[in-house]
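Enquirer: First, the structure itself, so that you have it in front of you.
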Protein chains: 2
Amino acid sequence: MSAPQNAFYAQSGGVTAVINASAAGVIETARQHSDKIGTVYAGHNGIIGALTEELIDTSAESAEDIAALKTTPAGAFGSCRYKLKSLEANREQYERLIEVFKAHDIGYFFYNGGGDSADTCLKVSQLGEQMGYPIQAIHVPKTMDNDLPHTDCCPGFGSVAKYTAVSIREAGFDLASMCKTSTKVFILEVMGRHAGWTAAAGGLAAEAEGDDPHIILFPEVVFDPAKFLAKVQHCVDTYGYCTIVASEGIKNAEGKFVADAGTTDAFGHTQLGGVASSLASLVKAELGFKYHYAIADYLMRSARHIASATDLEQAYAVGKAAVEYAVAGKSGVMVTIDRQNDSPYEWTLGEAPLAEVANVEKPMPADYISDDGFHITAACRRYMAPLIAGEAYPEYRNGLPVYVKLKKQLAPKKTGRDFEV
Amino acid sequence: MSAPQNAFYAQSGGVTAVINASAAGVIETARQHSDKIGTVYAGHNGIIGALTEELIDTSAESAEDIAALKTTPAGAFGSCRYKLKSLEANREQYERLIEVFKAHDIGYFFYNGGGDSADTCLKVSQLGEQMGYPIQAIHVPKTMDNDLPHTDCCPGFGSVAKYTAVSIREAGFDLASMCKTSTKVFILEVMGRHAGWTAAAGGLAAEAEGDDPHIILFPEVVFDPAKFLAKVQHCVDTYGYCTIVASEGIKNAEGKFVADAGTTDAFGHTQLGGVASSLASLVKAELGFKYHYAIADYLMRSARHIASATDLEQAYAVGKAAVEYAVAGKSGVMVTIDRQNDSPYEWTLGEAPLAEVANVEKPMPADYISDDGFHITAACRRYMAPLIAGEAYPEYRNGLPVYVKLKKQLAPKKTGRDFEV
């Protein structure tokens with residue numbers, strides 16, 4: 001039996017309410033396999049930490065703090081938006097990775113991210129054959145955008161979905177209360193520029209006729225102002241008010257983002273408009289209704305206080321499985337969540353070759369959007385409903401959720417040189 | 001002993017996450033005093049329901065549904081923004097009220113609202129001496145703005161405060177994760193135009209040096225762009241990023257709302273700017289930092305899922321006390337919450353004459369804002385911390401909170417005429 005090698009773990013891309021649960025899954029499971037895996041080093045600010053040799057020594061973190069990652073949102077080790085170029089385009093980066101990995105005896109690479117990150121993970125998995133430094137690289141899926149292929153869903157999405165559905169339900173009750181004399185149209189703008197997954201999730205709150213939201217605007221559907229306004233008018237006539245979930249990524253017939261208002265603000269600076277304010281102004285000008293709007297932005301992806309228990313469980317499970325796959329000798333794969341049944345919801349873990357995952361975006365199925373383009377279908381609800389199931393509240397102290405801040409003690413540098421990223 | 005008379009209850013003004021708990025307090029307590037109080041009629045859409053004789057017969061609602069009001073946000077009977085004019089200015093309105101109250105044998109008036117509403121409640125309490133229709137009128141305090149005098153706090157505020165503090169803490173963790181390569185400045189825009197209570201609440205999340213939020217912008221403090229930008233730069237230099245809670249009501253040295261961007265959107269319509277987008281543009285233009293912003297809007301006041309247990313308890317208690325006061329023969333008062341101790345937090349219920357409550361706005365004490373104008377003081381924290389204490393989660397089904405929709409069965413009309421509001 002060979003001596004245990006160390007592992008490198010990094011968080012990549014936009015963080016979620018449950019990505020730290022995947023980190024806990026990786027670290028706790030690695031600690032159970034100390035015969036195969038030595039220290040888990042976490043990249044400080046993701047893969048950048050590997051290039052700059054800023055390696056957080058997770059063995060310095062207590063078992064309690066690692067467990068607390070399960071209830072802490074965002075990326076405890078720091079994440080980054082940084083994509084490695086191809087081997088041809090930047091051989092130096094890969095040589096540096098190998099230099100750092102070799103210096104710290106790293107034989108395992110766990111990368112926790114989305115599609116871009118899967119590409120990096122794939123490249124690292126090929127360091128053996130391409131550059132003579134064999135390393136087992138396993139991708140741990142994460143993205144609130146739910147757009148990774150081969151996996152039924154992505155950890156991070158279920159919690160965003162729950163936040164969106166809960167928020168629009170609550171705002172809808174507010175509108176219903178006040179619409180007689182006050183606001184008649186409410187818009188909730190949600191993140192998710194490329195696909196309608198996060199906007200669609202709002203539709204889960206509409207369990208019966210008339211329930212909120214009344215309208216969903218998907219990036220997959222060309223925004224038609226006249227059709228939209230007619231629908232808003234219809235909702236106000238029918239329900240007394242109208243609630244809307246709008247993706248930030250909706251475009252008009254010319255392919256232009258509705259959010260690109262191109263306005264100038266009070267300080268004379270060009271202002272990137274928001275979808276919600278554009279839609280609200282349209283409604284006010286054309287229909288005369290009083291409006292309000294909310295912009296969820298980062299609140300939706302960091303809302304650990306309302307995380308989905310299912311999402312949390314899966315986030316932990318994919319981290320755990322990644323280590324188990326590595327220990328079993330696997331490399332170059334992403335852990336997948338494989339749905340076995342809709343209701344009762346059953347899922348198992350599987351794997352997909354990274355070559356089939358990297359840089360592939362899974363679009364939302366066309367049959368998830370209703371014929372009129374303004375809501376979700378039963379098929380979408382069947383798919384999405386289990387993902388928001390269950391609550392997994394953090395502990396509270398002084399009325400506030402207790403979120404852990406790790407020590408983040410860096411391992412002593414060994415390469416003796418800096419590297420510019 | 002006289003025969004029991006009926007009661008009228010109405011929700012007024014902007015709704016909150018816990019105003020329905022006050023309704024439950026009123027209705028459940030009235031049911032316990034059936035010797036004195038007959039049916040509780042709730043105004044459909046607030047006081048408008050009294051004028052239009054749309055009286056919801058709450059006796060048609062099951063005990064279970066009334067109890068469920070404790071976990072349902074917003075105004076279950078409908079609220080309104082509608083202030084009765086003075087008796088001199090519109091005698092007809094008061095004659096109509098008396099006509100409806102007489103027709104339905106209403107001897108108790110419970111009004112659940114803020115300062116404007118307290119004025120209406122006061123006028124109703126004077127119907128006896130002024131117009132010969134004696135009625136016992138008790139005000140049930142409610143406002144997320146926390147600006148009612150004579151009461152230590154206002155039901156509705158604690159939950160908004162908790163939402164704000166939790167949200168900025170979570171967003172702060174997100175920023176900390178990503179600031180190395182991505183967003184450096186985050187702004188959370190909160191409602192509360194006149195006073196800084198709701199913005200100040202965000203400060204509760206900052207329990208230690210460097211904690212979020214780093215900056216709070218209060219409507220009480222003149223917005224100084226240069227000073228603000230210097231502070232933002234300092235935070236980014238010190239913490240790597242900067243988190244800001246901004247009141248929608250901040251004004252510049254000329255007294256102009258920073259939110260009044262006066263821009264024109266993609267559709268050519270004049271657009272009401274938001275504080276957050278104005279601030280973000282300023283930061284981007286002057287400091288070059290990548291920014292994101294969220295606008296909480298109605299989400300903050302309807303967020304029953306993260307309501308404060310203290311707030312909920314007080315909301316119920318003031319409704320219960322209002323009925324008990326009425327049964328004890330009182331009128332023309334508002335139920336107050338009287339603080340007995342900060343820590344451990346102790347409070348009792350009291351009363352204040354409506355004449356001293358109506359139309360009086362309680363400002364935030366000047367010593368709640370730090371000397372530099374960008375954060376809260378220890379005094380503010382001591383006052384506010386108990387108000388967000390405790391969680392009071394609603395029941396969930398299918399991953400979503402279960403909120404009750406009442407039958408809202410209208411009592412048969414008896415006056416035989418319509419009334420235009």
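Each chain in the structure tokens gets a letter, A, B and so on, in the order shown; residues start at 1 in every chain, and ligands are counted from 1 in the order they appear.
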So which residues of region 205-342 of chain B fall under alpha helix (DSSP H) by DSSP, listed as a PDB file with N, CA and C atoms, in the first residue's frame?
Expert:
```pdb
ATOM      1  N   PRO B 225     -21.441  62.490  -1.131  1.00  0.00           N
ATOM      2  CA  PRO B 225     -20.796  61.534  -2.048  1.00  0.00           C
ATOM      3  C   PRO B 225     -19.309  61.322  -1.768  1.00  0.00           C
ATOM      4  N   ALA B 226     -18.597  62.397  -1.508  1.00  0.00           N
ATOM      5  CA  ALA B 226     -17.146  62.274  -1.319  1.00  0.00           C
ATOM      6  C   ALA B 226     -16.825  61.459  -0.066  1.00  0.00           C
ATOM      7  N   LYS B 227     -17.546  61.760   0.993  1.00  0.00           N
ATOM      8  CA  LYS B 227     -17.314  61.053   2.256  1.00  0.00           C
ATOM      9  C   LYS B 227     -17.690  59.571   2.109  1.00  0.00           C
ATOM     10  N   PHE B 228     -18.787  59.353   1.401  1.00  0.00           N
ATOM     11  CA  PHE B 228     -19.237  57.983   1.154  1.00  0.00           C
ATOM     12  C   PHE B 228     -18.191  57.208   0.349  1.00  0.00           C
ATOM     13  N   LEU B 229     -17.718  57.813  -0.710  1.00  0.00           N
ATOM     14  CA  LEU B 229     -16.750  57.124  -1.567  1.00  0.00           C
ATOM     15  C   LEU B 229     -15.456  56.818  -0.816  1.00  0.00           C
ATOM     16  N   ALA B 230     -15.036  57.753   0.016  1.00  0.00           N
ATOM     17  CA  ALA B 230     -13.825  57.519   0.805  1.00  0.00           C
ATOM     18  C   ALA B 230     -14.017  56.341   1.748  1.00  0.00           C
ATOM     19  N   LYS B 231     -15.199  56.246   2.310  1.00  0.00           N
ATOM     20  CA  LYS B 231     -15.501  55.146   3.233  1.00  0.00           C
ATOM     21  C   LYS B 231     -15.530  53.811   2.487  1.00  0.00           C
ATOM     22  N   VAL B 232     -16.134  53.816   1.317  1.00  0.00           N
ATOM     23  CA  VAL B 232     -16.179  52.597   0.514  1.00  0.00           C
ATOM     24  C   VAL B 232     -14.761  52.133   0.177  1.00  0.00           C
ATOM     25  N   GLN B 233     -13.956  53.086  -0.267  1.00  0.00           N
ATOM     26  CA  GLN B 233     -12.565  52.762  -0.613  1.00  0.00           C
ATOM     27  C   GLN B 233     -11.839  52.175   0.596  1.00  0.00           C
ATOM     28  N   HIS B 234     -12.048  52.774   1.742  1.00  0.00           N
ATOM     29  CA  HIS B 234     -11.413  52.298   2.977  1.00  0.00           C
ATOM     30  C   HIS B 234     -11.847  50.858   3.290  1.00  0.00           C
ATOM     31  N   CYS B 235     -13.112  50.582   3.138  1.00  0.00           N
ATOM     32  CA  CYS B 235     -13.604  49.226   3.428  1.00  0.00           C
ATOM     33  C   CYS B 235     -13.000  48.207   2.466  1.00  0.00           C
ATOM     34  N   VAL B 236     -12.960  48.562   1.203  1.00  0.00           N
ATOM     35  CA  VAL B 236     -12.390  47.629   0.217  1.00  0.00           C
ATOM     36  C   VAL B 236     -10.911  47.402   0.531  1.00  0.00           C
ATOM     37  N   ASP B 237     -10.216  48.467   0.887  1.00  0.00           N
ATOM     38  CA  ASP B 237      -8.797  48.328   1.251  1.00  0.00           C
ATOM     39  C   ASP B 237      -8.626  47.442   2.479  1.00  0.00           C
ATOM     40  N   THR B 238      -9.548  47.573   3.426  1.00  0.00           N
ATOM     41  CA  THR B 238      -9.393  46.897   4.712  1.00  0.00           C
ATOM     42  C   THR B 238      -9.930  45.472   4.691  1.00  0.00           C
ATOM     43  N   TYR B 239     -11.106  45.301   4.118  1.00  0.00           N
ATOM     44  CA  TYR B 239     -11.784  43.996   4.185  1.00  0.00           C
ATOM     45  C   TYR B 239     -11.775  43.248   2.844  1.00  0.00           C
ATOM     46  N   VAL B 275     -32.259  54.105  -5.040  1.00  0.00           N
ATOM     47  CA  VAL B 275     -31.053  54.503  -4.326  1.00  0.00           C
ATOM     48  C   VAL B 275     -29.897  53.585  -4.697  1.00  0.00           C
ATOM     49  N   ALA B 276     -30.186  52.287  -4.685  1.00  0.00           N
ATOM     50  CA  ALA B 276     -29.112  51.318  -4.891  1.00  0.00           C
ATOM     51  C   ALA B 276     -28.437  51.510  -6.237  1.00  0.00           C
ATOM     52  N   SER B 277     -29.226  51.678  -7.278  1.00  0.00           N
ATOM     53  CA  SER B 277     -28.613  51.818  -8.593  1.00  0.00           C
ATOM     54  C   SER B 277     -27.841  53.129  -8.705  1.00  0.00           C
ATOM     55  N   SER B 278     -28.352  54.181  -8.078  1.00  0.00           N
ATOM     56  CA  SER B 278     -27.614  55.452  -8.091  1.00  0.00           C
ATOM     57  C   SER B 278     -26.270  55.322  -7.371  1.00  0.00           C
ATOM     58  N   LEU B 279     -26.310  54.702  -6.215  1.00  0.00           N
ATOM     59  CA  LEU B 279     -25.071  54.530  -5.448  1.00  0.00           C
ATOM     60  C   LEU B 279     -24.084  53.643  -6.199  1.00  0.00           C
ATOM     61  N   ALA B 280     -24.623  52.578  -6.787  1.00  0.00           N
ATOM     62  CA  ALA B 280     -23.769  51.630  -7.503  1.00  0.00           C
ATOM     63  C   ALA B 280     -23.075  52.312  -8.668  1.00  0.00           C
ATOM     64  N   SER B 281     -23.824  53.122  -9.394  1.00  0.00           N
ATOM     65  CA  SER B 281     -23.239  53.826 -10.529  1.00  0.00           C
ATOM     66  C   SER B 281     -22.149  54.796 -10.075  1.00  0.00           C
ATOM     67  N   LEU B 282     -22.423  55.440  -8.969  1.00  0.00           N
ATOM     68  CA  LEU B 282     -21.442  56.377  -8.401  1.00  0.00           C
ATOM     69  C   LEU B 282     -20.143  55.642  -8.052  1.00  0.00           C
ATOM     70  N   VAL B 283     -20.287  54.510  -7.382  1.00  0.00           N
ATOM     71  CA  VAL B 283     -19.126  53.718  -6.981  1.00  0.00           C
ATOM     72  C   VAL B 283     -18.345  53.247  -8.210  1.00  0.00           C
ATOM     73  N   LYS B 284     -19.096  52.782  -9.191  1.00  0.00           N
ATOM     74  CA  LYS B 284     -18.457  52.268 -10.404  1.00  0.00           C
ATOM     75  C   LYS B 284     -17.679  53.383 -11.118  1.00  0.00           C
ATOM     76  N   ALA B 285     -18.332  54.523 -11.244  1.00  0.00           N
ATOM     77  CA  ALA B 285     -17.725  55.622 -11.999  1.00  0.00           C
ATOM     78  C   ALA B 285     -16.524  56.221 -11.271  1.00  0.00           C
ATOM     79  N   GLU B 286     -16.643  56.361  -9.977  1.00  0.00           N
ATOM     80  CA  GLU B 286     -15.592  57.074  -9.243  1.00  0.00           C
ATOM     81  C   GLU B 286     -14.493  56.159  -8.724  1.00  0.00           C
ATOM     82  N   LEU B 287     -14.853  54.926  -8.369  1.00  0.00           N
ATOM     83  CA  LEU B 287     -13.848  54.022  -7.792  1.00  0.00           C
ATOM     84  C   LEU B 287     -13.550  52.824  -8.696  1.00  0.00           C
ATOM     85  N   TYR B 298     -40.972  44.913  -0.943  1.00  0.00           N
ATOM     86  CA  TYR B 298     -42.009  44.216  -0.171  1.00  0.00           C
ATOM     87  C   TYR B 298     -41.531  42.889   0.426  1.00  0.00           C
ATOM     88  N   LEU B 299     -40.458  42.330  -0.137  1.00  0.00           N
ATOM     89  CA  LEU B 299     -39.991  41.051   0.411  1.00  0.00           C
ATOM     90  C   LEU B 299     -39.688  41.204   1.896  1.00  0.00           C
ATOM     91  N   MET B 300     -39.207  42.356   2.280  1.00  0.00           N
ATOM     92  CA  MET B 300     -38.787  42.517   3.674  1.00  0.00           C
ATOM     93  C   MET B 300     -39.958  42.582   4.644  1.00  0.00           C
ATOM     94  N   ARG B 301     -41.062  43.141   4.205  1.00  0.00           N
ATOM     95  CA  ARG B 301     -42.179  43.280   5.142  1.00  0.00           C
ATOM     96  C   ARG B 301     -43.142  42.094   5.064  1.00  0.00           C
ATOM     97  N   SER B 302     -42.958  41.241   4.067  1.00  0.00           N
ATOM     98  CA  SER B 302     -43.838  40.071   3.938  1.00  0.00           C
ATOM     99  C   SER B 302     -43.120  38.774   4.310  1.00  0.00           C
ATOM    100  N   ALA B 309     -39.597  35.930  16.472  1.00  0.00           N
ATOM    101  CA  ALA B 309     -40.534  35.335  17.434  1.00  0.00           C
ATOM    102  C   ALA B 309     -41.013  36.377  18.439  1.00  0.00           C
ATOM    103  N   THR B 310     -40.121  37.289  18.804  1.00  0.00           N
ATOM    104  CA  THR B 310     -40.493  38.364  19.727  1.00  0.00           C
ATOM    105  C   THR B 310     -41.565  39.252  19.099  1.00  0.00           C
ATOM    106  N   ASP B 311     -41.335  39.603  17.856  1.00  0.00           N
ATOM    107  CA  ASP B 311     -42.276  40.452  17.124  1.00  0.00           C
ATOM    108  C   ASP B 311     -43.639  39.767  17.022  1.00  0.00           C
ATOM    109  N   LEU B 312     -43.609  38.499  16.697  1.00  0.00           N
ATOM    110  CA  LEU B 312     -44.852  37.737  16.566  1.00  0.00           C
ATOM    111  C   LEU B 312     -45.617  37.717  17.883  1.00  0.00           C
ATOM    112  N   GLU B 313     -44.895  37.466  18.937  1.00  0.00           N
ATOM    113  CA  GLU B 313     -45.531  37.392  20.250  1.00  0.00           C
ATOM    114  C   GLU B 313     -46.163  38.734  20.615  1.00  0.00           C
ATOM    115  N   GLN B 314     -45.447  39.799  20.325  1.00  0.00           N
ATOM    116  CA  GLN B 314     -45.973  41.126  20.647  1.00  0.00           C
ATOM    117  C   GLN B 314     -47.167  41.481  19.761  1.00  0.00           C
ATOM    118  N   ALA B 315     -47.096  41.097  18.506  1.00  0.00           N
ATOM    119  CA  ALA B 315     -48.213  41.395  17.591  1.00  0.00           C
ATOM    120  C   ALA B 315     -49.493  40.719  18.085  1.00  0.00           C
ATOM    121  N   TYR B 316     -49.361  39.492  18.518  1.00  0.00           N
ATOM    122  CA  TYR B 316     -50.534  38.785  19.044  1.00  0.00           C
ATOM    123  C   TYR B 316     -51.003  39.453  20.337  1.00  0.00           C
ATOM    124  N   ALA B 317     -50.044  39.772  21.175  1.00  0.00           N
ATOM    125  CA  ALA B 317     -50.366  40.318  22.499  1.00  0.00           C
ATOM    126  C   ALA B 317     -51.115  41.651  22.408  1.00  0.00           C
ATOM    127  N   VAL B 318     -50.735  42.522  21.467  1.00  0.00           N
ATOM    128  CA  VAL B 318     -51.414  43.821  21.378  1.00  0.00           C
ATOM    129  C   VAL B 318     -52.847  43.656  20.858  1.00  0.00           C
ATOM    130  N   GLY B 319     -53.055  42.649  20.009  1.00  0.00           N
ATOM    131  CA  GLY B 319     -54.426  42.366  19.555  1.00  0.00           C
ATOM    132  C   GLY B 319     -55.281  41.849  20.696  1.00  0.00           C
ATOM    133  N   LYS B 320     -54.722  40.945  21.451  1.00  0.00           N
ATOM    134  CA  LYS B 320     -55.420  40.369  22.611  1.00  0.00           C
ATOM    135  C   LYS B 320     -55.746  41.465  23.629  1.00  0.00           C
ATOM    136  N   ALA B 321     -54.746  42.296  23.910  1.00  0.00           N
ATOM    137  CA  ALA B 321     -54.935  43.347  24.917  1.00  0.00           C
ATOM    138  C   ALA B 321     -55.988  44.352  24.481  1.00  0.00           C
ATOM    139  N   ALA B 322     -56.043  44.648  23.187  1.00  0.00           N
ATOM    140  CA  ALA B 322     -57.028  45.620  22.697  1.00  0.00           C
ATOM    141  C   ALA B 322     -58.439  45.168  23.073  1.00  0.00           C
ATOM    142  N   VAL B 323     -58.703  43.888  22.907  1.00  0.00           N
ATOM    143  CA  VAL B 323     -60.030  43.359  23.244  1.00  0.00           C
ATOM    144  C   VAL B 323     -60.238  43.408  24.754  1.00  0.00           C
ATOM    145  N   GLU B 324     -59.225  43.042  25.477  1.00  0.00           N
ATOM    146  CA  GLU B 324     -59.347  43.065  26.946  1.00  0.00           C
ATOM    147  C   GLU B 324     -59.576  44.488  27.460  1.00  0.00           C
ATOM    148  N   TYR B 325     -58.902  45.446  26.849  1.00  0.00           N
ATOM    149  CA  TYR B 325     -59.107  46.853  27.235  1.00  0.00           C
ATOM    150  C   TYR B 325     -60.555  47.261  26.949  1.00  0.00           C
ATOM    151  N   ALA B 326     -61.034  46.857  25.779  1.00  0.00           N
ATOM    152  CA  ALA B 326     -62.404  47.230  25.398  1.00  0.00           C
ATOM    153  C   ALA B 326     -63.410  46.616  26.366  1.00  0.00           C
ATOM    154  N   VAL B 327     -63.189  45.349  26.657  1.00  0.00           N
ATOM    155  CA  VAL B 327     -64.087  44.662  27.582  1.00  0.00           C
ATOM    156  C   VAL B 327     -64.053  45.339  28.960  1.00  0.00           C
TER     157      VAL B 327
END
```
Enquirer: Near region 144-156 of chain A, counting only C-alpha atoms, which residues have an atom at most 9 Å away, once you skip same-chain residues fewer than 3 positions from it, shown as a CSV table (one decimal) with N, CA and C atoms, in the first residue's frame?
Expert:
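Result saved to around.csv:
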```
chain,number,residue,atom,x,y,z
A,14,GLY,N,-19.5,31.4,-9.1
A,14,GLY,CA,-20.5,32.0,-8.2
A,14,GLY,C,-20.8,31.0,-7.0
A,15,VAL,N,-20.9,31.5,-5.8
A,15,VAL,CA,-21.1,30.7,-4.7
A,15,VAL,C,-22.6,30.4,-4.5
A,16,THR,N,-23.0,29.5,-3.6
A,16,THR,CA,-24.4,29.2,-3.4
A,16,THR,C,-24.6,29.1,-1.8
A,17,ALA,N,-25.8,28.8,-1.5
A,17,ALA,CA,-26.2,28.6,-0.1
A,17,ALA,C,-25.6,27.3,0.5
A,18,VAL,N,-25.3,26.4,-0.4
A,18,VAL,CA,-24.9,25.1,0.1
A,18,VAL,C,-23.6,24.6,-0.4
A,19,ILE,N,-22.8,25.4,-1.1
A,19,ILE,CA,-21.5,24.9,-1.6
A,19,ILE,C,-20.6,24.5,-0.5
A,22,SER,N,-20.8,20.9,0.4
A,22,SER,CA,-20.0,20.0,-0.4
A,22,SER,C,-18.5,20.0,0.1
A,114,GLY,N,-19.1,24.9,-11.6
A,114,GLY,CA,-20.1,24.6,-12.7
A,114,GLY,C,-19.4,24.2,-14.0
A,115,GLY,N,-19.9,24.6,-15.1
A,115,GLY,CA,-19.5,24.1,-16.4
A,115,GLY,C,-18.1,24.5,-16.8
A,141,PRO,N,-20.2,18.9,-8.5
A,141,PRO,CA,-21.1,19.9,-9.2
A,141,PRO,C,-21.6,20.9,-8.3
A,159,SER,N,-31.9,25.5,-3.5
A,159,SER,CA,-32.1,26.5,-2.5
A,159,SER,C,-32.5,27.8,-3.1
A,160,VAL,N,-31.9,28.1,-4.2
A,160,VAL,CA,-32.3,29.3,-5.0
A,160,VAL,C,-33.8,29.2,-5.4
A,161,ALA,N,-34.1,28.0,-5.8
A,161,ALA,CA,-35.5,27.8,-6.2
A,161,ALA,C,-36.5,28.0,-5.1
A,191,MET,N,-31.8,36.5,-10.6
A,191,MET,CA,-30.6,36.2,-11.4
A,191,MET,C,-30.7,34.9,-12.2
A,192,GLY,N,-29.9,34.8,-13.2
A,192,GLY,CA,-29.9,33.6,-14.1
A,192,GLY,C,-30.1,34.1,-15.5
A,193,ARG,N,-29.0,34.6,-16.1
A,193,ARG,CA,-29.1,35.3,-17.3
A,193,ARG,C,-29.4,34.4,-18.5
A,194,HIS,N,-28.8,33.2,-18.5
A,194,HIS,CA,-28.9,32.4,-19.7
A,194,HIS,C,-30.0,31.5,-19.9
A,195,ALA,N,-30.5,30.9,-18.7
A,195,ALA,CA,-31.6,30.0,-18.8
A,195,ALA,C,-32.6,30.3,-17.7
A,196,GLY,N,-33.8,29.8,-18.0
A,196,GLY,CA,-34.9,30.2,-17.1
A,196,GLY,C,-35.1,29.4,-15.9
A,197,TRP,N,-34.2,28.6,-15.5
A,197,TRP,CA,-34.4,27.7,-14.3
A,197,TRP,C,-34.8,28.5,-13.1
A,198,THR,N,-34.1,29.5,-12.8
A,198,THR,CA,-34.3,30.2,-11.5
A,198,THR,C,-35.7,31.0,-11.6
A,301,ARG,N,-28.9,33.6,-3.7
A,301,ARG,CA,-28.0,32.5,-3.7
A,301,ARG,C,-27.2,32.4,-2.4
A,307,ALA,N,-32.6,27.6,3.0
A,307,ALA,CA,-32.1,26.6,2.1
A,307,ALA,C,-33.0,25.3,2.0
A,308,SER,N,-33.0,24.7,0.9
A,308,SER,CA,-33.7,23.4,0.7
A,308,SER,C,-33.0,22.3,1.4
A,311,ASP,N,-31.6,20.0,-1.2
A,311,ASP,CA,-30.4,20.6,-1.9
A,311,ASP,C,-29.2,20.4,-1.0
A,312,LEU,N,-29.4,20.7,0.3
A,312,LEU,CA,-28.3,20.6,1.3
A,312,LEU,C,-27.8,19.1,1.3
A,313,GLU,N,-28.7,18.2,1.4
A,313,GLU,CA,-28.3,16.8,1.4
A,313,GLU,C,-27.5,16.4,0.2
A,314,GLN,N,-28.0,16.8,-1.0
A,314,GLN,CA,-27.3,16.5,-2.2
A,314,GLN,C,-25.9,17.2,-2.3
A,315,ALA,N,-25.8,18.4,-1.8
A,315,ALA,CA,-24.5,19.1,-1.8
A,315,ALA,C,-23.5,18.4,-1.0
A,316,TYR,N,-23.9,17.9,0.2
A,316,TYR,CA,-23.0,17.2,1.0
A,316,TYR,C,-22.6,15.8,0.3
A,318,VAL,N,-22.5,14.9,-2.8
A,318,VAL,CA,-21.6,14.9,-4.0
A,318,VAL,C,-20.2,15.2,-3.5
A,334,MET,N,-17.3,13.7,-13.2
A,334,MET,CA,-18.1,14.6,-12.3
A,334,MET,C,-19.1,13.7,-11.5
A,335,VAL,N,-19.3,13.9,-10.3
A,335,VAL,CA,-20.3,13.2,-9.5
A,335,VAL,C,-21.7,13.7,-10.1
A,336,THR,N,-22.6,12.8,-10.3
A,336,THR,CA,-23.9,13.2,-10.8
A,336,THR,C,-25.0,12.8,-9.8
A,337,ILE,N,-26.1,13.5,-9.9
A,337,ILE,CA,-27.3,13.1,-9.2
A,337,ILE,C,-28.3,12.5,-10.2
A,338,ASP,N,-28.6,11.3,-9.9
A,338,ASP,CA,-29.5,10.6,-10.9
A,338,ASP,C,-30.8,10.4,-10.3
A,339,ARG,N,-31.8,10.9,-10.9
A,339,ARG,CA,-33.2,10.8,-10.4
A,339,ARG,C,-33.7,9.4,-10.7
A,347,TRP,N,-33.4,9.5,-5.5
A,347,TRP,CA,-32.2,9.8,-6.3
A,347,TRP,C,-31.0,9.0,-5.8
A,350,GLY,N,-24.2,9.1,-9.3
A,350,GLY,CA,-23.5,8.5,-10.4
A,350,GLY,C,-22.3,9.3,-10.8
A,351,GLU,N,-21.9,9.1,-12.1
A,351,GLU,CA,-20.8,9.8,-12.5
A,351,GLU,C,-20.9,10.1,-14.0
A,352,ALA,N,-20.2,11.1,-14.5
A,352,ALA,CA,-20.2,11.4,-15.9
A,352,ALA,C,-18.8,11.8,-16.3
A,356,GLU,N,-17.6,15.1,-21.3
A,356,GLU,CA,-18.9,15.4,-21.8
A,356,GLU,C,-19.7,16.5,-20.9
A,357,VAL,N,-19.0,17.0,-19.9
A,357,VAL,CA,-19.6,18.0,-19.1
A,357,VAL,C,-19.0,19.4,-19.3
A,358,ALA,N,-17.7,19.4,-19.5
A,358,ALA,CA,-17.0,20.7,-19.6
A,358,ALA,C,-17.6,21.6,-20.7
A,359,ASN,N,-18.0,22.8,-20.4
A,359,ASN,CA,-18.4,23.8,-21.3
A,359,ASN,C,-19.7,23.5,-22.0
A,360,VAL,N,-20.5,22.5,-21.5
A,360,VAL,CA,-21.8,22.2,-22.0
A,360,VAL,C,-22.9,22.7,-21.1
A,361,GLU,N,-23.7,23.6,-21.6
A,361,GLU,CA,-24.8,24.1,-20.8
A,361,GLU,C,-26.1,23.4,-21.1
A,362,LYS,N,-26.7,22.9,-20.0
A,362,LYS,CA,-28.0,22.2,-20.2
A,362,LYS,C,-29.1,23.2,-20.3
A,363,PRO,N,-29.8,23.4,-21.4
A,363,PRO,CA,-30.9,24.3,-21.4
A,363,PRO,C,-32.1,23.8,-20.7
A,364,MET,N,-33.0,24.7,-20.3
A,364,MET,CA,-34.3,24.2,-19.7
A,364,MET,C,-35.1,23.6,-20.8
A,387,LEU,N,-37.0,19.4,-5.5
A,387,LEU,CA,-35.7,20.0,-5.2
A,387,LEU,C,-35.8,21.1,-4.1
```
Enquirer: Rank B:Leu87, B:Met384, B:Ala366, B:Leu349 by their smallest atom-to-atom distance to Phe157 (chain B), using only C-alpha atoms, and report the top residue only.
Expert: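 Checking each candidate against Phe157 (chain B), we get B:Met384 as the closest.
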Enquirer: For a test of reading the model, state the distance in Å between CA of Lys85 (chain A) and CA of Leu122 (chain A), rounded to one decimal.
Expert: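 CA of Lys85 (chain A) sits 12.0 Å away from CA of Leu122 (chain A).
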Enquirer: May I have the residues within 9 Å of Asp65 (chain A) as a PyMOL selection string, using only C-alpha atoms and disregarding those fewer than 2 positions away in the same chain?
Expert: chain A and resi 61-63+67-69+404-406
